[in-house]
Amino acid sequence: MREWLESFEQFAIDVILDRRTGKRAAVFRFFLGILSKVYGWLVDFRLWLYRNRILRERNLGCLVVSIGNLTVGGTGKTPVVEKFARSLQDGGRRVAILSRGYKSVKKPLLQRIIGKIQGKNEINPPRVVSDGRQLLLDSRTAGDEPYMLAANLKDIPVVVDKDRVKSGKHAISELNCDTLLLDDGLQYLKLRHRLDIVLVDRWQPFGTEKLLPRGTLREPAKNLKRASYIFITKCNGEPNDELKERIRKYNRTAEIIECEHRPLHLQHIESRETLPLSELQNKRVGTISAIAVPESFEQGIRKLGANLVATKRFLDHHRFTEQEILTFINCCVESEVDMIVTTEKDSVRFPRLGRLDVPIYFLRVEIGILSNEESFDECVNRICQPRPIVPARRFF
């Protein structure tokens with residue numbers, strides 16, 4: 001069943017990205033086009049309901065900053081969330097990251113029922129990945145990105161729940177936080193945002209230019225007007241004048257900040273031993289990944305001087321089995337590969353392996369600001385030293 005679902009998902013992705021031809025693909029593409037129009041109307045109607053106060057945002061009485069995008073995956077959001085969390089904490093804020101925990105697994109039903117019997121307020125309380133002191137959940141229960149953030153930000157709480165009003169209340173009352181950072185929060189309108197930070201991928205700024213499910217846009221490009229700050233991600237130092245001009249058609253006031261995903265070092269997936277990036281020079285390397293845009297990762301490995309001789313790609317958020325990893329290792333042994341490299345996000349989904357005939361490392365990256373760094377500093381200061389505000393209504 002799992003194989004069939006993944007096969008269908010891959011077929012759907014190929015159709016959406018126009019990589020499939022033939023009658024079956026054409027019929028499916030037409031059907032998705034109809035659904036896309038309906039989806040677009042629903043998106044506009046939902047925004048209209050909030051804009052006209054028919055649906056009301058919740059105000060939790062603290063600073064809420066959203067970091068999100070208009071497209072599905074691939075903008076490199078997690079390192080940006082990490083950079084903001086560190087900067088806000090350094091500025092004196094008590095930060096918690098709220099995530100929906102995409103493709104995370106809920107606690108077993110029996111465990112949730114026992115929690116209710118023991119006097120918990122909710123049958124399904126928010127999952128605390130980290131309380132700011134220690135990791136409390138694994139990647140399967142927490143989700144890939146929340147677990148990675150919690151592992152890298154050991155003194156910043158990370159809380160997972162689809163209902164981020166509920167998780168926000170928990171972060172304020174139980175974890176003593178005064179600033180909530182919404183991971184992937186642009187479309188989450190139920191909780192009032194003080195700032196909306198929107199990421200735009202330099203290489204695919206508006207995805208396929210079509211709305212879900214026919215394309216990869218979550219909402220029309222015109223809705224970029226909601227952004228307070230716009231980060232152009234995955235820059236390489238080349239000018240982005242044409243993209244900036246298009247962004248200005250939708251948003252004339254937001255500060256535009258260009259940034260890159262800067263490789264730091266290689267880290268062994270089990271021993272956590274680190275190697276300098278120079279170790280990739282002229283090495284025969286295999287890559288394995290399950291991310292939205294694997295081409296960007298693979299091209300980055302080549303730019304670091306590696307000779308890429310074997311690659312294996314899975315669907316985004318795929319949870320690797322031991323057999324899948326061992327099969328790829330065997331392939332790499334036959335190809336006389338020196339090392340296997342994966343992404344940090346993928347590394348948290350690796351099973352424990354009994355043997356490693358080829359060493360496996362993940363590439364640790366961080367966000368580097370290439371232009372308009374003063375606007376990033378101004379954004380952080382704006383959050384850390386806010387103007388006095390009128391006390392918010394009670395939310396209980």
# chains A, B, ... in the order shown; residues from 1 in each chain; ligands from 1
>>> residues_around(residues="Ser278 of chain A", least_positions_apart="2", cutoff="9 Å", atoms="only C-alpha atoms", output="PDB file with N, CA and C atoms, in the first residue's frame")
ATOM      1  N   HIS A 265      29.861  22.840   7.425  1.00  0.00           N
ATOM      2  CA  HIS A 265      30.752  21.697   7.530  1.00  0.00           C
ATOM      3  C   HIS A 265      29.966  20.414   7.269  1.00  0.00           C
ATOM      4  N   LEU A 275      33.700  17.376   9.707  1.00  0.00           N
ATOM      5  CA  LEU A 275      34.780  17.489   8.737  1.00  0.00           C
ATOM      6  C   LEU A 275      34.666  18.828   8.021  1.00  0.00           C
ATOM      7  N   PRO A 276      35.786  19.444   7.676  1.00  0.00           N
ATOM      8  CA  PRO A 276      35.722  20.686   6.907  1.00  0.00           C
ATOM      9  C   PRO A 276      35.213  20.404   5.490  1.00  0.00           C
ATOM     10  N   LEU A 280      35.568  17.466   0.691  1.00  0.00           N
ATOM     11  CA  LEU A 280      34.808  17.067  -0.488  1.00  0.00           C
ATOM     12  C   LEU A 280      35.605  17.223  -1.785  1.00  0.00           C
ATOM     13  N   GLN A 281      36.662  17.996  -1.728  1.00  0.00           N
ATOM     14  CA  GLN A 281      37.448  18.266  -2.934  1.00  0.00           C
ATOM     15  C   GLN A 281      37.926  16.970  -3.595  1.00  0.00           C
ATOM     16  N   LEU A 304      31.139  22.420  -4.279  1.00  0.00           N
ATOM     17  CA  LEU A 304      32.144  22.274  -3.226  1.00  0.00           C
ATOM     18  C   LEU A 304      33.315  21.386  -3.664  1.00  0.00           C
ATOM     19  N   GLY A 305      33.303  20.979  -4.929  1.00  0.00           N
ATOM     20  CA  GLY A 305      34.452  20.267  -5.483  1.00  0.00           C
ATOM     21  C   GLY A 305      34.320  18.770  -5.559  1.00  0.00           C
TER      22      GLY A 305
END
>>> residues_around(residues="segment 35-42 of chain A", least_positions_apart="3", cutoff="9 Å", atoms="only C-alpha atoms", output="PyMOL selection string")
chain A and resi 30-32+45-47+210-215+218-220
>>> write_last_selection(atoms="N, CA and C atoms", output="short mmCIF file (atom, residue, chain, number, x, y, z; two decimals), in the first residue's frame")
data_model
loop_
_atom_site.label_atom_id
_atom_site.label_comp_id
_atom_site.auth_asym_id
_atom_site.auth_seq_id
_atom_site.Cartn_x
_atom_site.Cartn_y
_atom_site.Cartn_z
N PHE A 30 -6.10 18.20 -16.54
CA PHE A 30 -7.34 18.95 -16.75
C PHE A 30 -8.19 18.95 -15.48
N PHE A 31 -8.30 17.79 -14.85
CA PHE A 31 -9.07 17.66 -13.61
C PHE A 31 -8.47 18.53 -12.51
N LEU A 32 -7.13 18.51 -12.39
CA LEU A 32 -6.46 19.34 -11.39
C LEU A 32 -6.66 20.83 -11.67
N PHE A 45 -11.98 33.78 -0.79
CA PHE A 45 -13.14 33.92 0.10
C PHE A 45 -12.72 33.89 1.56
N ARG A 46 -11.79 33.01 1.89
CA ARG A 46 -11.30 32.92 3.27
C ARG A 46 -10.63 34.23 3.69
N LEU A 47 -9.78 34.78 2.81
CA LEU A 47 -9.13 36.05 3.13
C LEU A 47 -10.16 37.17 3.28
N LYS A 210 1.06 28.37 -10.94
CA LYS A 210 -0.33 27.91 -10.89
C LYS A 210 -0.66 27.51 -9.46
N LEU A 211 -1.94 27.66 -9.09
CA LEU A 211 -2.38 27.33 -7.74
C LEU A 211 -2.53 25.83 -7.55
N LEU A 212 -2.43 25.40 -6.29
CA LEU A 212 -2.74 24.03 -5.93
C LEU A 212 -4.16 23.68 -6.36
N PRO A 213 -4.42 22.42 -6.73
CA PRO A 213 -3.46 21.32 -6.83
C PRO A 213 -2.81 21.20 -8.21
N ARG A 214 -3.18 22.10 -9.15
CA ARG A 214 -2.57 22.04 -10.49
C ARG A 214 -1.12 22.50 -10.47
N GLY A 215 -0.79 23.41 -9.54
CA GLY A 215 0.57 23.93 -9.44
C GLY A 215 1.07 23.85 -8.01
N ARG A 218 0.38 28.15 -3.03
CA ARG A 218 -0.66 28.01 -2.00
C ARG A 218 -1.69 29.12 -2.13
N GLU A 219 -1.26 30.28 -2.59
CA GLU A 219 -2.16 31.40 -2.82
C GLU A 219 -1.57 32.27 -3.93
N PRO A 220 -2.38 33.12 -4.56
CA PRO A 220 -1.89 33.91 -5.70
C PRO A 220 -0.71 34.80 -5.32
#
>>> closest_atom_pairs(of="segment 267-348 of chain A", to="segment 235-243 of chain A", cutoff="12 Å", atoms="only C-alpha atoms", output="tab-separated table")
residue	atom	partner	partner_atom	distance
A:Ser296	CA	A:Cys235	CA	11.4
A:Gly300	CA	A:Asn236	CA	10.8
A:Lys303	CA	A:Asn236	CA	11.4
>>> write_last_selection(atoms="N, CA and C atoms", output="PDB file, in the first residue's frame")
ATOM      1  N   SER A 296      18.976  21.361  -6.162  1.00  0.00           N
ATOM      2  CA  SER A 296      19.728  22.438  -5.521  1.00  0.00           C
ATOM      3  C   SER A 296      20.789  21.880  -4.577  1.00  0.00           C
ATOM      4  N   GLY A 300      24.899  22.001  -5.112  1.00  0.00           N
ATOM      5  CA  GLY A 300      25.744  22.566  -4.060  1.00  0.00           C
ATOM      6  C   GLY A 300      26.925  21.670  -3.725  1.00  0.00           C
ATOM      7  N   LYS A 303      29.497  22.098  -6.419  1.00  0.00           N
ATOM      8  CA  LYS A 303      30.203  23.374  -6.301  1.00  0.00           C
ATOM      9  C   LYS A 303      31.292  23.328  -5.236  1.00  0.00           C
TER      10      LYS A 303
END
>>> atom_distance(atom1="atom CA of Glu260 of chain A", atom2="atom CA of Pro205 of chain A")
14.4 Å
>>> select_by_dssp(residues="segment 166-322 of chain A", states="strand (DSSP E or B)", output="number ranges by chain")
A: 179-183, 191, 195-201, 211, 217, 229-233, 255-268, 274-275, 284-289, 307-313
>>> write_last_selection(atoms="N, CA and C atoms", output="compact mmCIF listing (two decimals), in the first residue's frame")
# COMPACT_ATOMS: atom_id res chain seq x y z
N THR A 179 7.42 35.67 22.99
CA THR A 179 7.49 35.85 21.53
C THR A 179 7.27 34.51 20.86
N LEU A 180 6.31 34.47 19.94
CA LEU A 180 5.99 33.23 19.24
C LEU A 180 6.42 33.35 17.79
N LEU A 181 7.19 32.38 17.33
CA LEU A 181 7.68 32.34 15.97
C LEU A 181 6.93 31.23 15.24
N LEU A 182 6.08 31.62 14.28
CA LEU A 182 5.28 30.64 13.55
C LEU A 182 6.09 30.10 12.38
N ASP A 183 6.44 28.85 12.46
CA ASP A 183 7.13 28.18 11.36
C ASP A 183 6.09 27.81 10.30
N LEU A 191 -4.41 33.03 14.10
CA LEU A 191 -3.62 33.71 15.13
C LEU A 191 -3.06 35.00 14.54
N LEU A 195 4.16 40.52 12.54
CA LEU A 195 4.95 40.66 11.31
C LEU A 195 4.80 39.39 10.47
N ASP A 196 4.77 39.57 9.15
CA ASP A 196 4.80 38.45 8.22
C ASP A 196 6.09 38.53 7.41
N ILE A 197 6.95 37.53 7.60
CA ILE A 197 8.20 37.43 6.84
C ILE A 197 7.99 36.34 5.80
N VAL A 198 8.13 36.70 4.53
CA VAL A 198 7.82 35.78 3.44
C VAL A 198 9.09 35.47 2.65
N LEU A 199 9.31 34.19 2.39
CA LEU A 199 10.49 33.75 1.66
C LEU A 199 10.14 33.49 0.20
N VAL A 200 11.04 33.94 -0.68
CA VAL A 200 10.87 33.74 -2.12
C VAL A 200 12.14 33.08 -2.65
N ASP A 201 12.00 31.92 -3.24
CA ASP A 201 13.13 31.19 -3.80
C ASP A 201 13.61 31.89 -5.07
N LEU A 211 -1.94 27.66 -9.09
CA LEU A 211 -2.38 27.33 -7.74
C LEU A 211 -2.53 25.83 -7.55
N LEU A 217 1.58 26.82 -6.03
CA LEU A 217 1.26 28.03 -5.28
C LEU A 217 0.15 27.75 -4.27
N TYR A 229 8.40 41.82 5.48
CA TYR A 229 9.77 41.66 4.99
C TYR A 229 9.77 40.49 4.01
N ILE A 230 10.56 40.61 2.95
CA ILE A 230 10.66 39.55 1.95
C ILE A 230 12.11 39.11 1.83
N PHE A 231 12.34 37.82 2.05
CA PHE A 231 13.68 37.24 1.92
C PHE A 231 13.76 36.51 0.58
N ILE A 232 14.71 36.91 -0.26
CA ILE A 232 15.01 36.15 -1.46
C ILE A 232 16.07 35.13 -1.07
N THR A 233 15.71 33.86 -1.08
CA THR A 233 16.61 32.81 -0.61
C THR A 233 17.37 32.16 -1.76
N GLU A 255 10.55 45.55 2.99
CA GLU A 255 12.00 45.49 2.81
C GLU A 255 12.36 44.15 2.15
N ILE A 256 13.26 44.19 1.18
CA ILE A 256 13.71 42.99 0.48
C ILE A 256 15.14 42.68 0.92
N ILE A 257 15.34 41.47 1.40
CA ILE A 257 16.65 41.05 1.92
C ILE A 257 17.10 39.82 1.13
N GLU A 258 18.30 39.87 0.58
CA GLU A 258 18.84 38.74 -0.18
C GLU A 258 19.73 37.89 0.73
N CYS A 259 19.59 36.58 0.64
CA CYS A 259 20.38 35.71 1.51
C CYS A 259 20.77 34.43 0.77
N GLU A 260 21.73 33.74 1.32
CA GLU A 260 22.19 32.49 0.75
C GLU A 260 22.18 31.40 1.82
N HIS A 261 22.11 30.15 1.36
CA HIS A 261 22.27 29.02 2.26
C HIS A 261 23.75 28.66 2.25
N ARG A 262 24.42 28.98 3.31
CA ARG A 262 25.89 28.91 3.37
C ARG A 262 26.32 27.60 4.04
N PRO A 263 27.01 26.70 3.31
CA PRO A 263 27.49 25.46 3.93
C PRO A 263 28.50 25.75 5.04
N LEU A 264 28.40 25.01 6.15
CA LEU A 264 29.32 25.20 7.27
C LEU A 264 30.35 24.08 7.34
N HIS A 265 29.86 22.84 7.42
CA HIS A 265 30.75 21.70 7.53
C HIS A 265 29.97 20.41 7.27
N LEU A 266 30.66 19.30 7.24
CA LEU A 266 30.04 17.98 7.16
C LEU A 266 29.99 17.39 8.57
N GLN A 267 28.92 16.66 8.86
CA GLN A 267 28.80 16.05 10.19
C GLN A 267 28.33 14.60 10.04
N HIS A 268 29.02 13.69 10.70
CA HIS A 268 28.69 12.27 10.61
C HIS A 268 27.34 12.01 11.25
N THR A 274 32.78 16.10 12.92
CA THR A 274 32.67 17.10 11.86
C THR A 274 33.91 17.08 10.97
N LEU A 275 33.70 17.38 9.71
CA LEU A 275 34.78 17.49 8.74
C LEU A 275 34.67 18.83 8.02
N ARG A 284 34.96 11.11 -4.58
CA ARG A 284 33.83 10.45 -5.22
C ARG A 284 32.70 10.36 -4.20
N VAL A 285 31.59 11.03 -4.50
CA VAL A 285 30.53 11.22 -3.51
C VAL A 285 29.20 10.68 -4.05
N GLY A 286 28.43 10.08 -3.14
CA GLY A 286 27.05 9.71 -3.43
C GLY A 286 26.12 10.56 -2.58
N THR A 287 24.99 10.96 -3.12
CA THR A 287 24.02 11.75 -2.35
C THR A 287 22.69 11.00 -2.27
N ILE A 288 22.03 11.11 -1.14
CA ILE A 288 20.70 10.55 -0.95
C ILE A 288 19.85 11.61 -0.27
N SER A 289 18.65 11.85 -0.78
CA SER A 289 17.83 12.93 -0.24
C SER A 289 16.35 12.66 -0.46
N ASN A 307 33.03 15.03 -6.83
CA ASN A 307 32.68 14.32 -8.06
C ASN A 307 31.47 13.44 -7.74
N LEU A 308 30.29 13.89 -8.15
CA LEU A 308 29.05 13.20 -7.79
C LEU A 308 28.84 12.01 -8.72
N VAL A 309 29.00 10.80 -8.18
CA VAL A 309 28.95 9.59 -9.02
C VAL A 309 27.71 8.74 -8.77
N ALA A 310 26.95 9.02 -7.71
CA ALA A 310 25.74 8.25 -7.43
C ALA A 310 24.74 9.14 -6.70
N THR A 311 23.48 9.09 -7.12
CA THR A 311 22.43 9.86 -6.46
C THR A 311 21.20 8.99 -6.26
N LYS A 312 20.48 9.27 -5.19
CA LYS A 312 19.22 8.59 -4.94
C LYS A 312 18.25 9.60 -4.36
N ARG A 313 17.09 9.73 -5.00
CA ARG A 313 16.08 10.69 -4.57
C ARG A 313 14.80 9.97 -4.17
>>> closest_residue(among="A:Glu273, A:Tyr188, A:Tyr102, A:Ala290", to="Val43 of chain A", atoms="only C-alpha atoms")
A:Tyr188
>>> closest_residue(among="A:Gly91, A:Gly61, A:Pro126, A:Pro351", to="Ser167 of chain A", atoms="only C-alpha atoms")
A:Pro126
>>> atom_distance(atom1="atom CA of Lys345 of chain A", atom2="atom CA of Arg272 of chain A")
14.7 Å
>>> closest_residue(among="A:Leu98, A:Val158, A:Leu175, A:Leu153", to="Ser130 of chain A", atoms="only C-alpha atoms")
A:Val158
>>> closest_residue(among="A:Cys384, A:Leu88, A:Ala12, A:Leu315", to="Pro294 of chain A", atoms="only C-alpha atoms")
A:Leu315
>>> residues_around(residues="segment 75-86 of chain A", least_positions_apart="3", cutoff="6 Å", atoms="only C-alpha atoms", output="list in words")
Gln89, Asp201, Glu366 and Ile367 of chain A
>>> select_by_dssp(residues="segment 188-382 of chain A", states="helix (DSSP H, G or I)", output="mmCIF file with N, CA and C atoms, in the first residue's frame")
data_model
loop_
_atom_site.group_PDB
_atom_site.id
_atom_site.type_symbol
_atom_site.label_atom_id
_atom_site.label_comp_id
_atom_site.auth_asym_id
_atom_site.auth_seq_id
_atom_site.Cartn_x
_atom_site.Cartn_y
_atom_site.Cartn_z
ATOM 1 N N ALA A 221 0.140 35.077 -6.314
ATOM 2 C CA ALA A 221 1.326 35.894 -6.091
ATOM 3 C C ALA A 221 0.963 37.298 -5.586
ATOM 4 N N LYS A 222 -0.237 37.784 -5.935
ATOM 5 C CA LYS A 222 -0.664 39.117 -5.501
ATOM 6 C C LYS A 222 -0.719 39.221 -3.979
ATOM 7 N N ASN A 223 -0.879 38.079 -3.299
ATOM 8 C CA ASN A 223 -0.982 38.098 -1.834
ATOM 9 C C ASN A 223 0.358 38.328 -1.152
ATOM 10 N N LEU A 224 1.398 38.474 -1.944
ATOM 11 C CA LEU A 224 2.688 38.870 -1.390
ATOM 12 C C LEU A 224 2.592 40.244 -0.722
ATOM 13 N N LYS A 225 1.521 40.960 -0.994
ATOM 14 C CA LYS A 225 1.315 42.290 -0.405
ATOM 15 C C LYS A 225 1.177 42.211 1.116
ATOM 16 N N ARG A 226 0.892 41.029 1.660
ATOM 17 C CA ARG A 226 0.759 40.905 3.120
ATOM 18 C C ARG A 226 2.112 40.901 3.835
ATOM 19 N N ASP A 241 17.665 41.865 -9.984
ATOM 20 C CA ASP A 241 16.884 43.054 -10.329
ATOM 21 C C ASP A 241 15.525 42.708 -10.935
ATOM 22 N N GLU A 242 15.504 41.731 -11.827
ATOM 23 C CA GLU A 242 14.248 41.366 -12.486
ATOM 24 C C GLU A 242 13.243 40.810 -11.492
ATOM 25 N N LEU A 243 13.719 39.962 -10.574
ATOM 26 C CA LEU A 243 12.834 39.398 -9.559
ATOM 27 C C LEU A 243 12.344 40.495 -8.612
ATOM 28 N N LYS A 244 13.227 41.390 -8.216
ATOM 29 C CA LYS A 244 12.826 42.487 -7.324
ATOM 30 C C LYS A 244 11.765 43.360 -7.981
ATOM 31 N N GLU A 245 11.916 43.589 -9.288
ATOM 32 C CA GLU A 245 10.940 44.410 -10.011
ATOM 33 C C GLU A 245 9.566 43.741 -9.994
ATOM 34 N N ARG A 246 9.563 42.427 -10.143
ATOM 35 C CA ARG A 246 8.283 41.728 -10.105
ATOM 36 C C ARG A 246 7.688 41.738 -8.703
ATOM 37 N N ILE A 247 8.526 41.551 -7.686
ATOM 38 C CA ILE A 247 8.049 41.600 -6.307
ATOM 39 C C ILE A 247 7.398 42.944 -6.017
ATOM 40 N N ARG A 248 7.990 44.020 -6.536
ATOM 41 C CA ARG A 248 7.469 45.363 -6.289
ATOM 42 C C ARG A 248 6.102 45.597 -6.930
ATOM 43 N N LYS A 249 5.742 44.791 -7.908
ATOM 44 C CA LYS A 249 4.411 44.905 -8.492
ATOM 45 C C LYS A 249 3.345 44.477 -7.487
ATOM 46 N N TYR A 250 3.724 43.568 -6.593
ATOM 47 C CA TYR A 250 2.777 43.050 -5.606
ATOM 48 C C TYR A 250 2.925 43.717 -4.242
ATOM 49 N N LEU A 277 34.664 21.414 4.862
ATOM 50 C CA LEU A 277 34.123 21.255 3.515
ATOM 51 C C LEU A 277 35.200 20.899 2.502
ATOM 52 N N SER A 278 36.436 21.220 2.819
ATOM 53 C CA SER A 278 37.544 20.910 1.907
ATOM 54 C C SER A 278 37.696 19.402 1.690
ATOM 55 N N GLU A 279 37.129 18.587 2.616
ATOM 56 C CA GLU A 279 37.211 17.135 2.471
ATOM 57 C C GLU A 279 36.433 16.626 1.253
ATOM 58 N N LEU A 280 35.568 17.466 0.691
ATOM 59 C CA LEU A 280 34.808 17.067 -0.488
ATOM 60 C C LEU A 280 35.605 17.223 -1.785
ATOM 61 N N PRO A 294 15.742 18.499 -4.763
ATOM 62 C CA PRO A 294 17.029 17.813 -4.594
ATOM 63 C C PRO A 294 18.118 18.344 -5.523
ATOM 64 N N GLU A 295 17.726 18.912 -6.668
ATOM 65 C CA GLU A 295 18.708 19.434 -7.617
ATOM 66 C C GLU A 295 19.584 20.519 -6.990
ATOM 67 N N SER A 296 18.976 21.361 -6.162
ATOM 68 C CA SER A 296 19.728 22.438 -5.521
ATOM 69 C C SER A 296 20.789 21.880 -4.577
ATOM 70 N N PHE A 297 20.423 20.849 -3.812
ATOM 71 C CA PHE A 297 21.365 20.211 -2.891
ATOM 72 C C PHE A 297 22.503 19.549 -3.652
ATOM 73 N N GLU A 298 22.177 18.823 -4.701
ATOM 74 C CA GLU A 298 23.200 18.110 -5.471
ATOM 75 C C GLU A 298 24.154 19.077 -6.177
ATOM 76 N N GLN A 299 23.595 20.167 -6.710
ATOM 77 C CA GLN A 299 24.450 21.159 -7.360
ATOM 78 C C GLN A 299 25.384 21.809 -6.341
ATOM 79 N N GLY A 300 24.899 22.001 -5.112
ATOM 80 C CA GLY A 300 25.744 22.566 -4.060
ATOM 81 C C GLY A 300 26.925 21.670 -3.725
ATOM 82 N N ILE A 301 26.698 20.356 -3.725
ATOM 83 C CA ILE A 301 27.787 19.401 -3.464
ATOM 84 C C ILE A 301 28.835 19.481 -4.582
ATOM 85 N N ARG A 302 28.379 19.598 -5.817
ATOM 86 C CA ARG A 302 29.314 19.729 -6.935
ATOM 87 C C ARG A 302 30.140 21.009 -6.817
ATOM 88 N N LYS A 303 29.497 22.098 -6.419
ATOM 89 C CA LYS A 303 30.203 23.374 -6.301
ATOM 90 C C LYS A 303 31.292 23.328 -5.236
ATOM 91 N N GLU A 322 15.728 0.828 6.639
ATOM 92 C CA GLU A 322 17.106 0.332 6.695
ATOM 93 C C GLU A 322 17.514 -0.311 5.373
ATOM 94 N N GLN A 323 16.574 -1.035 4.758
ATOM 95 C CA GLN A 323 16.889 -1.716 3.507
ATOM 96 C C GLN A 323 17.191 -0.716 2.389
ATOM 97 N N GLU A 324 16.461 0.393 2.351
ATOM 98 C CA GLU A 324 16.704 1.417 1.319
ATOM 99 C C GLU A 324 18.100 2.013 1.449
ATOM 100 N N ILE A 325 18.503 2.281 2.698
ATOM 101 C CA ILE A 325 19.831 2.856 2.916
ATOM 102 C C ILE A 325 20.920 1.845 2.575
ATOM 103 N N LEU A 326 20.738 0.603 3.009
ATOM 104 C CA LEU A 326 21.749 -0.429 2.740
ATOM 105 C C LEU A 326 21.877 -0.712 1.249
ATOM 106 N N THR A 327 20.763 -0.672 0.534
ATOM 107 C CA THR A 327 20.817 -0.873 -0.919
ATOM 108 C C THR A 327 21.640 0.221 -1.582
ATOM 109 N N PHE A 328 21.440 1.454 -1.136
ATOM 110 C CA PHE A 328 22.211 2.563 -1.711
ATOM 111 C C PHE A 328 23.688 2.466 -1.318
ATOM 112 N N ILE A 329 23.948 2.053 -0.076
ATOM 113 C CA ILE A 329 25.336 1.865 0.355
ATOM 114 C C ILE A 329 26.028 0.830 -0.535
ATOM 115 N N ASN A 330 25.342 -0.275 -0.814
ATOM 116 C CA ASN A 330 25.916 -1.308 -1.681
ATOM 117 C C ASN A 330 26.217 -0.763 -3.071
ATOM 118 N N CYS A 331 25.311 0.070 -3.585
ATOM 119 C CA CYS A 331 25.524 0.706 -4.884
ATOM 120 C C CYS A 331 26.761 1.593 -4.853
ATOM 121 N N CYS A 332 26.934 2.307 -3.731
ATOM 122 C CA CYS A 332 28.082 3.209 -3.593
ATOM 123 C C CYS A 332 29.397 2.428 -3.448
ATOM 124 N N VAL A 333 29.331 1.284 -2.781
ATOM 125 C CA VAL A 333 30.520 0.438 -2.664
ATOM 126 C C VAL A 333 30.975 -0.015 -4.042
ATOM 127 N N GLU A 334 30.017 -0.432 -4.872
ATOM 128 C CA GLU A 334 30.342 -0.874 -6.233
ATOM 129 C C GLU A 334 30.914 0.263 -7.072
ATOM 130 N N GLU A 344 20.694 17.820 6.175
ATOM 131 C CA GLU A 344 20.471 17.751 7.619
ATOM 132 C C GLU A 344 19.039 17.320 7.919
ATOM 133 N N LYS A 345 18.097 17.835 7.139
ATOM 134 C CA LYS A 345 16.694 17.474 7.362
ATOM 135 C C LYS A 345 16.468 15.985 7.130
ATOM 136 N N ASP A 346 17.130 15.428 6.116
ATOM 137 C CA ASP A 346 16.994 14.001 5.842
ATOM 138 C C ASP A 346 17.670 13.152 6.911
ATOM 139 N N SER A 347 18.749 13.660 7.486
ATOM 140 C CA SER A 347 19.526 12.854 8.439
ATOM 141 C C SER A 347 18.712 12.461 9.665
ATOM 142 N N GLU A 373 21.557 43.934 5.044
ATOM 143 C CA GLU A 373 21.635 43.363 6.386
ATOM 144 C C GLU A 373 21.088 44.319 7.440
ATOM 145 N N GLU A 374 21.193 45.625 7.149
ATOM 146 C CA GLU A 374 20.669 46.604 8.108
ATOM 147 C C GLU A 374 19.162 46.459 8.273
ATOM 148 N N SER A 375 18.460 46.006 7.218
ATOM 149 C CA SER A 375 17.015 45.798 7.322
ATOM 150 C C SER A 375 16.712 44.582 8.188
ATOM 151 N N PHE A 376 17.570 43.550 8.100
ATOM 152 C CA PHE A 376 17.394 42.393 8.982
ATOM 153 C C PHE A 376 17.586 42.811 10.437
ATOM 154 N N ASP A 377 18.642 43.606 10.706
ATOM 155 C CA ASP A 377 18.886 44.082 12.065
ATOM 156 C C ASP A 377 17.723 44.947 12.543
ATOM 157 N N GLU A 378 17.189 45.772 11.628
ATOM 158 C CA GLU A 378 16.066 46.640 11.989
ATOM 159 C C GLU A 378 14.829 45.812 12.312
ATOM 160 N N CYS A 379 14.648 44.710 11.557
ATOM 161 C CA CYS A 379 13.516 43.813 11.796
ATOM 162 C C CYS A 379 13.623 43.182 13.180
ATOM 163 N N VAL A 380 14.811 42.694 13.524
ATOM 164 C CA VAL A 380 15.030 42.078 14.834
ATOM 165 C C VAL A 380 14.813 43.104 15.941
ATOM 166 N N ASN A 381 15.349 44.316 15.766
ATOM 167 C CA ASN A 381 15.173 45.373 16.779
ATOM 168 C C ASN A 381 13.708 45.765 16.929
ATOM 169 N N ARG A 382 13.002 45.753 15.821
ATOM 170 C CA ARG A 382 11.574 46.099 15.845
ATOM 171 C C ARG A 382 10.796 45.102 16.693
#
>>> residues_around(residues="Asp155 of chain A", least_positions_apart="4", cutoff="10 Å", atoms="only C-alpha atoms", output="list in words")
Arg86, Gln89, Arg94, Val95, Ala96, Ser130, Asp131, Gly132, Arg133, Gln134, Leu135, Ala150 and Ala151 of chain A
>>> decode(residues="segment 301-308 of chain A", atoms="N, CA and C atoms", output="short mmCIF file (atom, residue, chain, number, x, y, z; two decimals), in the first residue's frame")
data_model
loop_
_atom_site.label_atom_id
_atom_site.label_comp_id
_atom_site.auth_asym_id
_atom_site.auth_seq_id
_atom_site.Cartn_x
_atom_site.Cartn_y
_atom_site.Cartn_z
N ILE A 301 26.70 20.36 -3.73
CA ILE A 301 27.79 19.40 -3.46
C ILE A 301 28.84 19.48 -4.58
N ARG A 302 28.38 19.60 -5.82
CA ARG A 302 29.31 19.73 -6.94
C ARG A 302 30.14 21.01 -6.82
N LYS A 303 29.50 22.10 -6.42
CA LYS A 303 30.20 23.37 -6.30
C LYS A 303 31.29 23.33 -5.24
N LEU A 304 31.14 22.42 -4.28
CA LEU A 304 32.14 22.27 -3.23
C LEU A 304 33.31 21.39 -3.66
N GLY A 305 33.30 20.98 -4.93
CA GLY A 305 34.45 20.27 -5.48
C GLY A 305 34.32 18.77 -5.56
N ALA A 306 33.14 18.23 -5.20
CA ALA A 306 32.96 16.78 -5.20
C ALA A 306 32.66 16.27 -6.61
N ASN A 307 33.03 15.03 -6.83
CA ASN A 307 32.68 14.32 -8.06
C ASN A 307 31.47 13.44 -7.74
N LEU A 308 30.29 13.89 -8.15
CA LEU A 308 29.05 13.20 -7.79
C LEU A 308 28.84 12.01 -8.72
#
